[in-house]
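Visitor: Hey, dropping entry.txt in here, compact mmCIF, C-alpha atoms (C1' of nucleotides):
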# COMPACT_ATOMS: atom_id res chain seq x y z
CA MET A 1 -3.19 6.31 5.40
CA ILE A 2 -6.77 5.36 6.09
CA SER A 3 -9.20 8.28 6.15
CA ASN A 4 -10.67 9.80 9.29
CA LYS A 5 -13.99 8.56 8.01
CA CYS A 6 -12.72 4.99 8.08
CA LYS A 7 -11.24 5.41 11.54
CA TYR A 8 -14.57 6.82 12.74
CA ALA A 9 -16.41 3.88 11.17
CA ILE A 10 -14.27 1.31 12.97
CA LYS A 11 -14.49 3.11 16.28
CA ALA A 12 -18.24 3.50 15.98
CA LEU A 13 -18.66 -0.22 15.30
CA VAL A 14 -16.50 -1.13 18.27
CA TYR A 15 -18.55 1.25 20.42
CA ILE A 16 -21.80 -0.32 19.24
CA ALA A 17 -20.42 -3.80 19.89
CA ASN A 18 -19.45 -2.75 23.40
CA ASN A 19 -22.88 -1.29 24.15
CA GLU A 20 -25.35 -3.74 22.73
CA GLN A 21 -25.78 -5.96 25.79
CA ASP A 22 -29.37 -4.84 26.28
CA ASP A 23 -31.78 -4.91 23.36
CA ARG A 24 -31.91 -1.17 22.73
CA PRO A 25 -30.11 0.09 19.65
CA VAL A 26 -27.22 2.53 20.05
CA MET A 27 -27.89 6.14 19.09
CA THR A 28 -25.72 8.25 16.81
CA ALA A 29 -25.64 11.03 19.39
CA ASP A 30 -24.18 8.75 22.06
CA ILE A 31 -21.47 7.40 19.78
CA ALA A 32 -20.62 10.90 18.62
CA ARG A 33 -20.31 12.20 22.17
CA GLU A 34 -18.32 9.28 23.57
CA GLN A 35 -15.97 8.86 20.61
CA GLN A 36 -15.65 12.56 19.79
CA ILE A 37 -16.89 12.15 16.24
CA PRO A 38 -18.75 15.02 14.47
CA ARG A 39 -22.40 14.00 14.73
CA LYS A 40 -23.62 14.79 11.22
CA PHE A 41 -20.58 13.19 9.67
CA LEU A 42 -21.15 10.11 11.78
CA GLU A 43 -24.75 9.90 10.53
CA ILE A 44 -23.45 9.58 6.99
CA ILE A 45 -20.98 6.88 8.00
CA LEU A 46 -23.52 4.81 9.91
CA ARG A 47 -25.99 5.00 7.07
CA GLU A 48 -23.29 3.82 4.69
CA LEU A 49 -22.56 0.87 6.97
CA ARG A 50 -26.25 0.09 7.06
CA ASN A 51 -26.53 0.25 3.28
CA ASN A 52 -23.70 -2.26 3.15
CA ARG A 53 -25.38 -4.66 5.57
CA ILE A 54 -23.03 -4.16 8.48
CA LEU A 55 -25.62 -2.39 10.62
CA GLU A 56 -29.37 -2.31 10.92
CA SER A 57 -31.19 0.81 11.97
CA LYS A 58 -34.38 1.66 13.75
CA ARG A 59 -35.99 5.05 13.27
CA GLY A 60 -37.98 7.20 15.62
CA LYS A 61 -37.99 7.27 19.38
CA ASP A 62 -35.69 4.68 21.00
CA GLY A 63 -34.20 4.22 17.56
CA GLY A 64 -30.54 3.75 16.71
CA PHE A 65 -28.14 1.22 15.24
CA ARG A 66 -27.37 -2.42 15.91
CA LEU A 67 -24.87 -4.82 14.37
CA LEU A 68 -26.61 -6.91 11.74
CA ARG A 69 -24.24 -9.82 12.41
CA PRO A 70 -22.24 -10.95 15.45
CA ALA A 71 -19.20 -8.73 16.01
CA SER A 72 -17.00 -11.78 15.47
CA GLU A 73 -18.24 -12.00 11.90
CA ILE A 74 -17.54 -8.42 10.89
CA ASN A 75 -14.07 -8.26 9.47
CA LEU A 76 -11.87 -5.19 9.63
CA THR A 77 -11.00 -5.48 5.93
CA GLU A 78 -14.68 -5.50 5.01
CA VAL A 79 -15.27 -2.21 6.82
CA MET A 80 -12.14 -0.63 5.39
CA ARG A 81 -13.10 -1.62 1.85
CA ILE A 82 -16.61 -0.21 2.22
CA ILE A 83 -15.42 3.15 3.50
CA ASP A 84 -12.04 3.68 1.85
CA GLY A 85 -11.98 1.25 -1.05
CA PRO A 86 -8.75 -0.62 -1.86
CA ILE A 87 -6.33 -1.70 0.86
CA ALA A 88 -3.43 -2.43 -1.51
CA MET A 89 -0.84 0.23 -2.31
CA LEU A 90 -1.15 -0.11 -6.09
CA PRO A 91 -4.38 -0.48 -8.10
CA CYS A 92 -2.87 -3.26 -10.20
CA VAL A 93 -2.24 -5.29 -7.06
CA SER A 94 -5.62 -4.86 -5.41
CA LEU A 95 -7.71 -8.00 -4.93
CA ASN A 96 -11.06 -6.25 -4.64
CA TYR A 97 -10.51 -3.07 -6.63
CA TYR A 98 -8.11 -4.16 -9.36
CA ARG A 99 -7.34 -1.62 -12.07
CA LYS A 100 -4.61 -1.83 -14.67
CA CYS A 101 -2.03 0.94 -14.62
CA ASP A 102 -2.29 3.24 -17.65
CA GLU A 103 1.41 3.58 -18.21
CA CYS A 104 2.91 0.16 -17.68
CA GLU A 105 2.69 -3.45 -18.69
CA GLU A 106 2.36 -5.62 -15.65
CA GLU A 107 4.65 -8.37 -16.89
CA SER A 108 7.58 -5.98 -16.92
CA CYS A 109 6.59 -3.85 -13.94
CA GLU A 110 9.52 -3.50 -11.58
CA ILE A 111 7.56 -2.67 -8.48
CA LYS A 112 4.51 -4.93 -8.66
CA ALA A 113 6.06 -7.87 -6.82
CA VAL A 114 7.08 -5.80 -3.80
CA PHE A 115 3.63 -4.35 -3.38
CA GLU A 116 2.04 -7.76 -3.75
CA GLN A 117 4.14 -8.87 -0.80
CA VAL A 118 3.06 -5.82 1.21
CA ARG A 119 -0.54 -6.55 0.34
CA ASP A 120 -0.28 -10.17 1.47
CA ARG A 121 1.40 -9.37 4.80
CA THR A 122 -1.09 -6.58 5.44
CA LEU A 123 -4.09 -8.77 4.73
CA GLU A 124 -2.68 -11.54 6.92
CA ILE A 125 -2.96 -9.15 9.83
CA LEU A 126 -6.18 -7.35 8.94
CA ASN A 127 -8.08 -10.48 7.93
CA ASP A 128 -7.52 -11.78 11.44
CA GLN A 129 -9.20 -8.80 13.01
CA THR A 130 -12.92 -8.49 13.63
CA ILE A 131 -14.98 -5.92 15.49
CA LYS A 132 -15.13 -8.53 18.25
CA SER A 133 -11.36 -8.95 18.49
CA LEU A 134 -11.00 -5.18 18.68
CA THR A 135 -13.46 -4.86 21.55
CA LEU A 136 -11.56 -7.46 23.54
CA GLN A 137 -8.56 -5.17 23.70
CA LEU A 138 -10.33 -2.76 26.05
CA MET B 139 -2.60 3.60 -2.06
CA ILE B 140 0.60 5.34 -3.08
CA SER B 141 0.13 8.27 -5.46
CA ASN B 142 0.88 8.16 -9.16
CA LYS B 143 3.57 10.71 -8.42
CA CYS B 144 5.29 8.25 -6.11
CA LYS B 145 4.98 5.41 -8.58
CA TYR B 146 6.50 7.67 -11.26
CA ALA B 147 9.33 8.61 -8.91
CA ILE B 148 10.25 5.00 -8.23
CA LYS B 149 10.05 4.03 -11.88
CA ALA B 150 12.12 7.01 -12.92
CA LEU B 151 14.84 6.12 -10.41
CA VAL B 152 14.90 2.53 -11.58
CA TYR B 153 15.17 3.74 -15.16
CA ILE B 154 18.05 6.05 -14.29
CA ALA B 155 19.81 3.24 -12.43
CA ASN B 156 19.40 1.00 -15.46
CA ASN B 157 20.81 3.59 -17.84
CA GLU B 158 23.76 5.09 -16.07
CA GLN B 159 26.44 2.70 -17.35
CA ASP B 160 28.11 5.46 -19.36
CA ASP B 161 28.90 8.76 -17.73
CA ARG B 162 26.18 10.81 -19.41
CA PRO B 163 23.26 11.85 -17.21
CA VAL B 164 19.78 10.62 -18.10
CA MET B 165 17.39 13.15 -19.61
CA THR B 166 13.85 13.82 -18.43
CA ALA B 167 12.55 13.46 -21.97
CA ASP B 168 13.97 9.93 -22.30
CA ILE B 169 12.53 8.77 -19.00
CA ALA B 170 9.17 10.32 -19.85
CA ARG B 171 9.05 8.61 -23.23
CA GLU B 172 10.20 5.18 -22.10
CA GLN B 173 8.15 5.03 -18.91
CA GLN B 174 5.10 6.85 -20.28
CA ILE B 175 5.20 9.58 -17.65
CA PRO B 176 3.90 13.10 -18.44
CA ARG B 177 7.05 15.10 -19.10
CA LYS B 178 6.34 18.29 -17.21
CA PHE B 179 5.05 16.37 -14.23
CA LEU B 180 8.19 14.26 -14.26
CA GLU B 181 10.33 17.40 -14.21
CA ILE B 182 8.74 18.39 -10.92
CA ILE B 183 9.30 14.94 -9.47
CA LEU B 184 12.95 14.76 -10.49
CA ARG B 185 13.63 18.21 -9.11
CA GLU B 186 12.04 17.15 -5.82
CA LEU B 187 14.28 14.09 -5.71
CA ARG B 188 17.26 16.30 -6.40
CA ASN B 189 16.28 18.72 -3.62
CA ASN B 190 16.17 15.73 -1.29
CA ARG B 191 19.62 14.53 -2.27
CA ILE B 192 18.56 11.42 -4.15
CA LEU B 193 19.60 12.79 -7.55
CA GLU B 194 22.06 15.29 -8.92
CA SER B 195 21.30 17.31 -12.01
CA LYS B 196 23.26 18.90 -14.80
CA ARG B 197 21.78 21.75 -16.82
CA GLY B 198 22.22 22.72 -20.42
CA LYS B 199 23.22 20.59 -23.37
CA ASP B 200 24.02 16.95 -22.47
CA GLY B 201 22.40 17.66 -19.14
CA GLY B 202 20.12 15.37 -17.16
CA PHE B 203 19.94 13.45 -13.91
CA ARG B 204 22.21 11.01 -12.13
CA LEU B 205 21.88 9.10 -8.86
CA LEU B 206 23.75 10.94 -6.13
CA ARG B 207 24.44 7.65 -4.33
CA PRO B 208 24.79 4.03 -5.46
CA ALA B 209 21.40 2.49 -6.27
CA SER B 210 21.97 -0.04 -3.51
CA GLU B 211 21.94 2.78 -0.97
CA ILE B 212 18.67 4.36 -2.02
CA ASN B 213 15.92 2.80 -0.02
CA LEU B 214 12.36 2.46 -1.26
CA THR B 215 10.97 3.82 2.00
CA GLU B 216 13.11 6.94 1.68
CA VAL B 217 11.67 7.71 -1.74
CA MET B 218 8.11 6.99 -0.65
CA ARG B 219 8.45 9.26 2.38
CA ILE B 220 9.85 12.12 0.30
CA ILE B 221 7.06 11.98 -2.26
CA ASP B 222 4.02 10.76 -0.33
CA GLY B 223 4.87 11.32 3.32
CA PRO B 224 3.85 8.72 5.90
CA ILE B 225 3.80 5.01 5.10
CA ALA B 226 1.75 4.01 8.17
CA MET B 227 -2.03 3.78 7.98
CA LEU B 228 -2.65 5.98 11.03
CA PRO B 229 -0.85 9.24 11.88
CA CYS B 230 -0.48 8.19 15.53
CA VAL B 231 1.44 5.10 14.42
CA SER B 232 3.80 6.73 11.95
CA LEU B 233 7.51 6.61 12.78
CA ASN B 234 8.53 9.54 10.59
CA TYR B 235 5.37 11.64 10.49
CA TYR B 236 3.83 11.03 13.90
CA ARG B 237 0.75 13.10 14.77
CA LYS B 238 -1.60 12.57 17.67
CA CYS B 239 -5.24 11.90 16.79
CA ASP B 240 -7.53 14.76 17.76
CA GLU B 241 -10.33 12.63 19.03
CA CYS B 242 -8.77 9.81 20.99
CA GLU B 243 -6.36 9.01 23.76
CA GLU B 244 -3.74 6.60 22.55
CA GLU B 245 -3.66 4.51 25.72
CA SER B 246 -7.25 3.48 25.20
CA CYS B 247 -7.26 3.39 21.39
CA GLU B 248 -8.75 0.12 20.20
CA ILE B 249 -7.18 0.11 16.77
CA LYS B 250 -3.66 1.41 17.33
CA ALA B 251 -2.09 -1.98 18.03
CA VAL B 252 -3.34 -3.54 14.80
CA PHE B 253 -2.00 -0.73 12.69
CA GLU B 254 1.33 -0.84 14.47
CA GLN B 255 1.56 -4.46 13.39
CA VAL B 256 0.70 -3.55 9.81
CA ARG B 257 3.32 -0.82 9.88
CA ASP B 258 6.00 -3.18 11.15
CA ARG B 259 5.29 -5.92 8.59
CA THR B 260 5.12 -3.35 5.80
CA LEU B 261 8.42 -1.76 6.76
CA GLU B 262 10.08 -5.17 7.05
CA ILE B 263 9.41 -5.62 3.35
CA LEU B 264 9.97 -2.08 2.10
CA ASN B 265 13.14 -1.51 4.13
CA ASP B 266 14.69 -4.45 2.31
CA GLN B 267 14.12 -2.89 -1.08
CA THR B 268 16.47 -0.47 -2.78
CA ILE B 269 16.53 1.01 -6.26
CA LYS B 270 19.23 -1.57 -6.96
CA SER B 271 17.14 -4.53 -5.85
CA LEU B 272 14.29 -3.30 -8.02
CA THR B 273 16.47 -3.06 -11.13
CA LEU B 274 17.62 -6.65 -10.67
CA GLN B 275 14.08 -7.88 -11.26
CA LEU B 276 14.22 -6.90 -14.91
C1' DA C 277 -50.20 15.01 19.07
C1' DT C 278 -45.56 15.20 20.28
C1' DA C 279 -40.90 14.28 21.00
C1' DT C 280 -37.20 11.88 19.18
C1' DA C 281 -34.67 9.37 16.29
C1' DT C 282 -32.92 8.15 11.56
C1' DC C 283 -33.15 9.43 6.46
C1' DC C 284 -32.17 12.21 2.69
C1' DT C 285 -30.63 16.04 -0.28
C1' DA C 286 -27.96 19.74 -0.94
C1' DT C 287 -24.14 22.33 -0.18
C1' DC C 288 -19.58 23.95 1.23
C1' DT C 289 -14.53 24.63 2.07
C1' DA C 290 -9.91 23.15 2.00
C1' DT C 291 -6.62 20.08 0.48
C1' DT C 292 -4.55 16.95 -2.54
C1' DT C 293 -3.73 15.01 -6.95
C1' DG C 294 -2.23 15.30 -11.35
C1' DA C 295 -0.89 18.08 -14.48
C1' DT C 296 0.30 22.17 -18.09
C1' DA C 297 2.30 26.67 -19.77
C1' DG C 298 5.69 29.83 -20.21
C1' DT C 299 9.86 31.89 -19.16
C1' DA C 300 14.59 32.04 -17.10
C1' DT C 301 18.92 30.14 -16.73
C1' DT C 302 22.79 27.20 -17.62
C1' DT C 303 25.91 24.74 -20.65
C1' DG C 304 28.19 22.67 -24.76
C1' DT C 305 29.10 23.41 -29.55
C1' DT C 306 29.95 25.91 -33.65
C1' DA D 307 29.08 35.60 -30.04
C1' DA D 308 25.30 32.95 -31.33
C1' DC D 309 22.59 29.01 -30.93
C1' DA D 310 20.58 24.79 -29.40
C1' DA D 311 19.37 21.96 -25.76
C1' DA D 312 18.75 20.88 -21.31
C1' DT D 313 17.09 21.84 -16.39
C1' DA D 314 15.02 25.50 -13.03
C1' DC D 315 11.44 28.10 -11.66
C1' DT D 316 6.86 30.35 -11.14
C1' DA D 317 2.28 30.39 -11.84
C1' DT D 318 -1.77 28.33 -12.68
C1' DC D 319 -5.48 25.07 -13.33
C1' DA D 320 -9.08 21.32 -13.20
C1' DA D 321 -10.88 17.42 -11.00
C1' DA D 322 -11.31 14.57 -7.23
C1' DT D 323 -11.37 13.67 -2.38
C1' DA D 324 -11.72 14.69 2.47
C1' DG D 325 -14.20 16.34 5.95
C1' DA D 326 -17.67 18.10 7.11
C1' DT D 327 -22.60 21.16 8.00
C1' DA D 328 -27.60 22.57 7.35
C1' DG D 329 -32.22 21.77 7.04
C1' DG D 330 -36.09 19.40 6.27
C1' DA D 331 -38.62 14.65 5.53
C1' DT D 332 -40.05 10.53 7.58
C1' DA D 333 -40.84 6.96 10.95
C1' DT D 334 -41.98 5.43 15.67
C1' DA D 335 -42.91 5.01 20.75
C1' DT D 336 -45.61 7.07 24.14
Would you put the structure from the file into C-alpha cells?
Guide:
Amino acid sequence: MISNKCKYAIKALVYIANNEQDDRPVMTADIAREQQIPRKFLEIILRELRNNRILESKRGKDGGFRLLRPASEINLTEVMRIIDGPIAMLPCVSLNYYRKCDECEEESCEIKAVFEQVRDRTLEILNDQTIKSLTLQL
Amino acid sequence: MISNKCKYAIKALVYIANNEQDDRPVMTADIAREQQIPRKFLEIILRELRNNRILESKRGKDGGFRLLRPASEINLTEVMRIIDGPIAMLPCVSLNYYRKCDECEEESCEIKAVFEQVRDRTLEILNDQTIKSLTLQL
DNA sequence: ATATATCCTATCTATTTGATAGTATTTGTT
DNA sequence: AACAAATACTATCAAATAGATAGGATATAT
C-alpha cells in the first residue's frame, strides 16, 4: 500500500499540472478544496515536494506552487520515492533504498528472486507514468 | 514493502516444507534457530497460520507444526494476505480488501488505472508461486 | 500598512510493527 | 503419578509511522 500522503502528493501534482495554463501559481487552499485533502497536511506535502525540486513556490499574495519542470518530466516513481521511500516489497531488493536483511544471506534467500520479478514488472509500469500522462486521462 | 512478520511467515513455511520428509512435526525452536527468527514472535506467526488453516499443530512432547495441505497448494498470495492484508497499492484497487477512498470518486480518479495495472502484473507473478515452488529454488 | 500566501516548529493521537514475559495446557515417556 | 517438553494463550511494551492540527514567522503584491 502507498500512504495517503503519497496519494495526496500525486493528486496535488496532477491538479497543479491541470491548472497552470496561466502564469499564476496554484494555491494550497484551492488544491485542498478541490481534491478534498486536509489543508495543513497538504502544506507539509507540497513543501516536501518543493524541497525535492519537484515544485517551486512563491510566498505572499498571489503566491502558490508551480511545477519546476514540465509535467512530462516528473516521473511517478520519483514522487513515490520522495514521499514513501522504497517501491520494492523487500529492502534487499530495492534499487534506491537497498538494505540487507538482518536474518538471511541473500545467496540462499528463497524469496528474493520472486520479489525481484515483482519489482521489475512494477517499475516497468510506473516508470512509464509521468504527471503529464496522468493528466491526460481526465 | 511486506512486513518482517510476513517474510518470517513465508520463510518458516518453506522451512517446514523442506523438513517434513519424516512424519515428525517441525518445532518452533528449530525454525527460529535455523532461520534466525525471534522465537516468541515466530510462535505468534505460526499460530496465526494454523488459525487460517495453513498449518496444523501438535502440542506436548514431539509436538510442532505441519503443513495442512501439500506445499504445492499453498499459494504465496494466500500467506501474504493472511499476514499483511492487501497486496494492492491502493485500497480502492484491492481485490480482497477493497475499500473506497474517502476523498475521491473512482470514476474520475486519475491514478486508479495505473495501480490496477500494477496489481494485475504483481498478482500474475505471485499467483504462480507456492511454498513448493519456493522450496525448489534451494 | 494590510491582506494573503507560504514557511516553520511543535505537538498530538491512533495504529502498526516487532517483539517479550509469564503462565496454562497438552502430550509422550518413565 | 510425575516429569519434561512442546504449543496455546494473555498481557504488555517500546518504537516507529501515519495522519494529521495549531500557531506564529516571514515574504510579497497592492
Visitor: Any chance you could tabulate, as a tab-separated table, the residues of range 163-217 of chain B at most 9 Å from range 102-115 of chain A with each one's nearest atom pair and distance in Å to one decimal, using all atoms listed in the file, in chain and rising number order?
Guide:
residue	atom	partner	partner_atom	distance
B:Gln173	CA	A:Glu103	CA	6.9
B:Gln174	CA	A:Glu103	CA	5.3
B:Ile175	CA	A:Glu103	CA	7.1
Visitor: Please dump the current selection as a compact mmCIF listing (two decimals), keeping the file's coordinate frame; keep C-alpha atoms.
Guide:
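The new file out38.txt reads:
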# COMPACT_ATOMS: atom_id res chain seq x y z
CA GLN B 173 8.15 5.03 -18.91
CA GLN B 174 5.10 6.85 -20.28
CA ILE B 175 5.20 9.58 -17.65
Visitor: Name all residues at most 12 Å from DT278 in chain C (count all atoms listed in the file; drop same-chain ones fewer than 4 positions away) and give them as a tab-separated table (two decimals) with C-alpha atoms (C1' of nucleotides), keeping the file's coordinate frame.
Guide:
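Final output, around_18.tsv:
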chain	number	residue	atom	x	y	z
A	60	GLY	CA	-37.98	7.20	15.62
A	61	LYS	CA	-37.99	7.27	19.38
D	334	DT	C1'	-41.98	5.43	15.67
D	335	DA	C1'	-42.91	5.01	20.75
D	336	DT	C1'	-45.61	7.07	24.14
Visitor: Superposition of chain B onto chain A by least squares over all sequentially paired C-alpha atoms; the transformed chain is requested as a short mmCIF file (atom, residue, chain, number, x, y, z; two decimals) with C-alpha atoms, in the frame of the given file.
Guide:
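Final output, saved to part_14.cif:
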data_model
loop_
_atom_site.label_atom_id
_atom_site.label_comp_id
_atom_site.auth_asym_id
_atom_site.auth_seq_id
_atom_site.Cartn_x
_atom_site.Cartn_y
_atom_site.Cartn_z
CA MET B 139 -3.19 6.28 5.39
CA ILE B 140 -6.79 5.34 6.08
CA SER B 141 -9.22 8.26 6.12
CA ASN B 142 -10.68 9.78 9.26
CA LYS B 143 -14.02 8.54 7.99
CA CYS B 144 -12.75 4.97 8.08
CA LYS B 145 -11.24 5.39 11.52
CA TYR B 146 -14.58 6.80 12.73
CA ALA B 147 -16.42 3.86 11.18
CA ILE B 148 -14.28 1.30 12.96
CA LYS B 149 -14.50 3.10 16.28
CA ALA B 150 -18.24 3.49 15.97
CA LEU B 151 -18.67 -0.23 15.30
CA VAL B 152 -16.51 -1.13 18.26
CA TYR B 153 -18.55 1.23 20.42
CA ILE B 154 -21.81 -0.32 19.24
CA ALA B 155 -20.44 -3.81 19.89
CA ASN B 156 -19.45 -2.75 23.40
CA ASN B 157 -22.87 -1.30 24.16
CA GLU B 158 -25.34 -3.75 22.76
CA GLN B 159 -25.76 -5.93 25.87
CA ASP B 160 -29.36 -4.80 26.32
CA ASP B 161 -31.74 -4.89 23.40
CA ARG B 162 -31.90 -1.15 22.77
CA PRO B 163 -30.11 0.11 19.66
CA VAL B 164 -27.23 2.55 20.07
CA MET B 165 -27.89 6.16 19.13
CA THR B 166 -25.73 8.28 16.84
CA ALA B 167 -25.63 11.05 19.42
CA ASP B 168 -24.16 8.75 22.08
CA ILE B 169 -21.47 7.40 19.78
CA ALA B 170 -20.62 10.91 18.62
CA ARG B 171 -20.29 12.19 22.17
CA GLU B 172 -18.30 9.29 23.57
CA GLN B 173 -15.96 8.86 20.61
CA GLN B 174 -15.65 12.56 19.78
CA ILE B 175 -16.90 12.15 16.22
CA PRO B 176 -18.76 15.01 14.47
CA ARG B 177 -22.40 14.00 14.72
CA LYS B 178 -23.65 14.78 11.25
CA PHE B 179 -20.62 13.19 9.67
CA LEU B 180 -21.18 10.09 11.78
CA GLU B 181 -24.77 9.88 10.55
CA ILE B 182 -23.50 9.56 7.00
CA ILE B 183 -21.02 6.88 8.00
CA LEU B 184 -23.56 4.80 9.92
CA ARG B 185 -26.04 5.00 7.08
CA GLU B 186 -23.33 3.81 4.69
CA LEU B 187 -22.60 0.87 6.97
CA ARG B 188 -26.29 0.09 7.09
CA ASN B 189 -26.57 0.23 3.29
CA ASN B 190 -23.73 -2.28 3.16
CA ARG B 191 -25.40 -4.67 5.56
CA ILE B 192 -23.05 -4.17 8.49
CA LEU B 193 -25.66 -2.39 10.63
CA GLU B 194 -29.41 -2.30 10.96
CA SER B 195 -31.21 0.85 11.98
CA LYS B 196 -34.40 1.72 13.78
CA ARG B 197 -36.02 5.12 13.31
CA GLY B 198 -38.01 7.26 15.66
CA LYS B 199 -37.99 7.33 19.44
CA ASP B 200 -35.69 4.71 21.04
CA GLY B 201 -34.19 4.27 17.60
CA GLY B 202 -30.54 3.78 16.74
CA PHE B 203 -28.15 1.25 15.27
CA ARG B 204 -27.40 -2.39 15.91
CA LEU B 205 -24.91 -4.82 14.38
CA LEU B 206 -26.65 -6.91 11.75
CA ARG B 207 -24.27 -9.82 12.42
CA PRO B 208 -22.26 -10.95 15.45
CA ALA B 209 -19.20 -8.75 16.01
CA SER B 210 -17.01 -11.79 15.47
CA GLU B 211 -18.26 -12.02 11.90
CA ILE B 212 -17.54 -8.44 10.89
CA ASN B 213 -14.09 -8.30 9.46
CA LEU B 214 -11.89 -5.22 9.61
CA THR B 215 -11.02 -5.51 5.93
CA GLU B 216 -14.70 -5.53 5.00
CA VAL B 217 -15.28 -2.24 6.80
CA MET B 218 -12.14 -0.65 5.37
CA ARG B 219 -13.11 -1.65 1.83
CA ILE B 220 -16.62 -0.25 2.21
CA ILE B 221 -15.44 3.12 3.48
CA ASP B 222 -12.05 3.65 1.83
CA GLY B 223 -11.97 1.22 -1.07
CA PRO B 224 -8.74 -0.63 -1.87
CA ILE B 225 -6.32 -1.71 0.85
CA ALA B 226 -3.41 -2.43 -1.53
CA MET B 227 -0.85 0.26 -2.32
CA LEU B 228 -1.13 -0.11 -6.10
CA PRO B 229 -4.36 -0.48 -8.11
CA CYS B 230 -2.83 -3.26 -10.23
CA VAL B 231 -2.21 -5.29 -7.07
CA SER B 232 -5.59 -4.87 -5.43
CA LEU B 233 -7.68 -8.01 -4.96
CA ASN B 234 -11.03 -6.25 -4.65
CA TYR B 235 -10.49 -3.07 -6.65
CA TYR B 236 -8.09 -4.18 -9.37
CA ARG B 237 -7.30 -1.62 -12.09
CA LYS B 238 -4.58 -1.83 -14.69
CA CYS B 239 -1.99 0.95 -14.65
CA ASP B 240 -2.25 3.23 -17.67
CA GLU B 241 1.44 3.59 -18.22
CA CYS B 242 2.97 0.18 -17.70
CA GLU B 243 2.75 -3.43 -18.71
CA GLU B 244 2.40 -5.62 -15.66
CA GLU B 245 4.72 -8.36 -16.90
CA SER B 246 7.63 -5.96 -16.92
CA CYS B 247 6.63 -3.83 -13.93
CA GLU B 248 9.56 -3.48 -11.57
CA ILE B 249 7.58 -2.65 -8.47
CA LYS B 250 4.53 -4.90 -8.65
CA ALA B 251 6.10 -7.84 -6.82
CA VAL B 252 7.10 -5.79 -3.79
CA PHE B 253 3.65 -4.35 -3.38
CA GLU B 254 2.07 -7.76 -3.76
CA GLN B 255 4.16 -8.84 -0.80
CA VAL B 256 3.07 -5.81 1.21
CA ARG B 257 -0.54 -6.55 0.33
CA ASP B 258 -0.26 -10.16 1.45
CA ARG B 259 1.41 -9.36 4.78
CA THR B 260 -1.08 -6.57 5.43
CA LEU B 261 -4.08 -8.78 4.71
CA GLU B 262 -2.67 -11.56 6.89
CA ILE B 263 -2.96 -9.17 9.82
CA LEU B 264 -6.18 -7.36 8.93
CA ASN B 265 -8.07 -10.51 7.93
CA ASP B 266 -7.52 -11.82 11.44
CA GLN B 267 -9.21 -8.83 13.01
CA THR B 268 -12.92 -8.50 13.61
CA ILE B 269 -14.99 -5.94 15.47
CA LYS B 270 -15.12 -8.54 18.24
CA SER B 271 -11.36 -8.95 18.48
CA LEU B 272 -10.99 -5.18 18.66
CA THR B 273 -13.46 -4.85 21.54
CA LEU B 274 -11.54 -7.45 23.55
CA GLN B 275 -8.54 -5.13 23.71
CA LEU B 276 -10.36 -2.74 26.01
#
Visitor: Identify, on the basis of all atoms listed in the file, every residue whose closest approach to Arg69 in chain A does not exceed 9 Å; exclude the query and any residue fewer than 4 positions from it along the same chain; express the result as a ChimeraX atom specification.
Guide: /A:53-55,73-74
Visitor: Could you check the closest approach to Arg47 in chain A for each of C:DA279, C:DC284, C:DG304, C:DA290 and tell me which residue wins, using all atoms listed in the file?
Guide: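 Among C:DA279, C:DC284, C:DG304, C:DA290, it is C:DC284 that comes nearest to Arg47 in chain A.
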Visitor: As a list in words, please: the residues near Ala9 in chain A (cut-off 9 Å, all atoms listed in the file, same-chain neighbours under 2 positions excluded).
Guide: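 Within the cut-off, the hits are Asn4, Lys5, Cys6, Lys7, Lys11, Ala12, Leu13, Val14, Leu42, Ile45, Leu46, Leu49, Val79, Met80 and Ile83 of chain A.
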Visitor: At a cut-off of 12 Å, which residues of chain C touch chain B? Count only C-alpha atoms (C1' of nucleotides) and give the answer as a list in words.
Guide: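 Result, ordered by chain then number: DT292, DT293, DG294, DA295, DT296, DA297, DG298, DT301, DT302, DT303, DG304 and DT305 of chain C.
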Visitor: Restrict the selected residues to C-alpha atoms (C1' of nucleotides) and save them as a PDB file, in the frame of the given file.
Guide:
ATOM      1  C1'  DT C 292      -4.550  16.950  -2.540  1.00  0.00           C
ATOM      2  C1'  DT C 293      -3.730  15.010  -6.950  1.00  0.00           C
ATOM      3  C1'  DG C 294      -2.230  15.300 -11.350  1.00  0.00           C
ATOM      4  C1'  DA C 295      -0.890  18.080 -14.480  1.00  0.00           C
ATOM      5  C1'  DT C 296       0.300  22.170 -18.090  1.00  0.00           C
ATOM      6  C1'  DA C 297       2.300  26.670 -19.770  1.00  0.00           C
ATOM      7  C1'  DG C 298       5.690  29.830 -20.210  1.00  0.00           C
ATOM      8  C1'  DT C 301      18.920  30.140 -16.730  1.00  0.00           C
ATOM      9  C1'  DT C 302      22.790  27.200 -17.620  1.00  0.00           C
ATOM     10  C1'  DT C 303      25.910  24.740 -20.650  1.00  0.00           C
ATOM     11  C1'  DG C 304      28.190  22.670 -24.760  1.00  0.00           C
ATOM     12  C1'  DT C 305      29.100  23.410 -29.550  1.00  0.00           C
TER      13       DT C 305
END
